[in-house]
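Novice: Take this structure first; my questions come after.
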Amino acid sequence: MPEVIKNTDLDFSQALVYDAHLLKTFRACEEKFNLFEVQHVVSKKMSAAPAFGIAMHEAIASYRLAKKLGKTFDVALSEAQQALLVAYKTHMPPEMKSEIMADEKRGPKNGLRLLEGYCRHYEPMGMTWHHVEVPFALYLGKVKVPLAKPDIINGDSLNNYELIHTYDVVDKDLIYVGIIDGVHEWQSRMVTNDIKTTGWAINQSWLDGWRLDQGLLGYVIAVRELLGIDTHHATVHGIWVSGEAKNPKSAKPLDDYFQTTEIYWDDDQIAEWTANTITTVEDIEVKRATGKYVRDLGQNCGAFGGCPYRPICWTTPKFRQNIINVDFKRAIWTPLEDERLQDID
């Protein structure tokens with residue numbers, strides 16, 4: 001992992017440290033945040049989708065770094081292919097490494113096909129890469145955190161408002177962290193780039209969804225604040241993770257698997273992001289103090305193939321710990337490390 005760029009010398013252990021993943025998790029379901037970040041409970045079963053995304057990110061980063069160094073397309077592509085296979089062995093679940101799964105859409109054969117297709121799709125666009133895979137730590141200011149963990153005042157359960165306004169609070173420093181996929185020069189302007197892989201066919205609605213993404217706008221702000229680049233622009237490179245069609249007549253051209261959207265945020269939207277992030281963190285810290293987390297019990301439970309914590313939530317409370325003991329393990333989220341989930345048992 002490259003050196004972290006930052007605008008603070010604060011001791012991370014004495015500050016609140018958050019990233020886009022934690023904020024999105026809390027907004028989707030407070031109980032999911034509780035299980036993942038507070039109790040450090042994660043499924044023992046590895047998922048192929050995020051592992052494939054990580055491998056593809058590492059391979060594309062290798063390609064971009066090679067191009068940044070002035071290497072030819074063929075050399076850069078070869079280095080990226082080797083990086084993909086190495087990352088595949090490191091990150092993919094064991095069952096995905098068997099010969100039986102070699103032709104699966106997230107298998108190595110299709111991964112190499114998509115990687116080459118991606119590189120050939122974007123090579124003619126003349127993007128000049130200035131920064132690749134940049135970990136960052138951005139100081140956002142002070143947030144108010146409850147001092148104690150009161151369960152009841154005057155016999156009544158506290159709500160968020162009462163806790164913040166009835167109990168003493170302390171100001172704590174907030175550091176926002178993440179990893180910028182890349183910054184490139186394109187069409188005479190500097191642009192922050194993010195790579196997104198998806199198993200869904202990419203359409204305009206999917207592309208438009210990134211206009212309201214916590215992570216991507218945060219990357220733009222980090223590029224502005226930490227790299228000193230005056231930019232309001234970002235691009236998303238969408239990669240459709242799909243196998244080769246069995247019928248060539250109905251096959252979609254490989255070039256169509258890759259779609260780009262460009263996004264612009266003005267100064268007011270950037271300021272709004274910062275305020276929204278601080279408010280969310282303060283809401284989270286109230287929940288940490290009270291220990292009261294709300295289950296979504298809605299569409300987030302079934303979205304994107306289903307929440308991994310559903311087996312816990314749909315089990316009667318007295319047996320939930322049994323489910324955790326058998327099917328889950330303890331690991332801590334470390335967003336700036338190469339291995340972002342670190343086992344702690």
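Chain labels run A, B, ... following the order of the structure tokens; each chain numbers its residues from 1, and ligands are numbered from 1 in the order shown.
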Using only C-alpha atoms, which protein or nucleic acid residues come within 7 Å of stretch 185-199 of chain A? Drop anything in the same chain fewer than 2 positions from it, and give the result as a count of residues only.
Specialist: 21
Novice: Using only C-alpha atoms, can you tell me which of A:Thr274, A:Thr290, A:Gln81, A:Thr90 comes closest to A:Arg113?
Specialist: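 Closest to A:Arg113 of all the choices is A:Gln81.
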Novice: Identify all residues of stretch 8-130 of chain A in alpha helix (DSSP H) (DSSP on the backbone) and supply them as a count of residues only.
Specialist: 68
Novice: Give me, as number ranges by chain, all polymer residues having an atom no more than 10 Å from A:Gln82, counting only C-alpha atoms and skipping those fewer than 5 positions away in the same chain.
Specialist: A: 59, 62, 77, 87-88, 112
Novice: Output N, CA and C atoms for every residue in the selection just made, as a short mmCIF file (atom, residue, chain, number, x, y, z; two decimals), in the first residue's frame.
Specialist:
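Final file, result_19.cif:
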data_model
loop_
_atom_site.label_atom_id
_atom_site.label_comp_id
_atom_site.auth_asym_id
_atom_site.auth_seq_id
_atom_site.Cartn_x
_atom_site.Cartn_y
_atom_site.Cartn_z
N ALA A 59 -5.52 -5.09 -10.76
CA ALA A 59 -5.00 -5.29 -12.12
C ALA A 59 -5.03 -3.98 -12.91
N SER A 62 -2.33 -1.68 -11.82
CA SER A 62 -1.05 -2.07 -12.40
C SER A 62 -0.92 -1.54 -13.82
N LEU A 77 -0.46 -4.05 -20.48
CA LEU A 77 -1.51 -5.07 -20.43
C LEU A 77 -0.97 -6.36 -19.84
N ALA A 87 -3.65 -11.42 -7.76
CA ALA A 87 -4.72 -10.95 -6.87
C ALA A 87 -5.83 -11.99 -6.77
N TYR A 88 -6.07 -12.68 -7.84
CA TYR A 88 -7.10 -13.72 -7.85
C TYR A 88 -6.75 -14.81 -6.84
N LEU A 112 -9.68 -12.26 -17.24
CA LEU A 112 -8.67 -11.80 -18.19
C LEU A 112 -9.31 -11.20 -19.44
#
Novice: Using Å and a single decimal, report how far atom CA of A:Leu147 sits from atom CA of A:Glu31.
Specialist: 22.0 Å
Novice: For each of A:Leu65, A:Ile270, A:Ala289, A:Ser43, take the minimum atom-to-atom distance to A:Asp327, counting only C-alpha atoms, then give the residue where this is smallest.
Specialist: A:Ser43
Novice: Report the distance between atom CA of A:Leu10 and atom CA of A:Pro135 in Å, rounded to one decimal place.
Specialist: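 So the two atoms, atom CA of A:Leu10 and atom CA of A:Pro135, lie 16.4 Å apart.
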Novice: DSSP on the backbone: what in stretch 117-301 of chain A comes out strand (DSSP E or B), as a ChimeraX atom specification?
Specialist: /A:128-146,152-153,156-157,169-186,189-198,233-240,258-264
Novice: Between A:Gln299, A:Val281, A:Gly291, A:Leu207, which has the minimum distance to A:Gln259 (counting only C-alpha atoms)?
Specialist: A:Leu207
Novice: Can you work out which one of A:His131, A:His232, A:Arg27, A:Lys45 has the shortest atom-to-atom distance to A:Leu217, counting only C-alpha atoms?
Specialist: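 Using only C-alpha atoms, A:Leu217 sits closest to A:His232.
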Novice: Do a neighbour search on A:Val4 at 9 Å with only C-alpha atoms, toss out local chain neighbours closer than 2 positions, and write the hits as a ChimeraX atom specification.
Specialist: /A:1-2,6,134-137,179,336
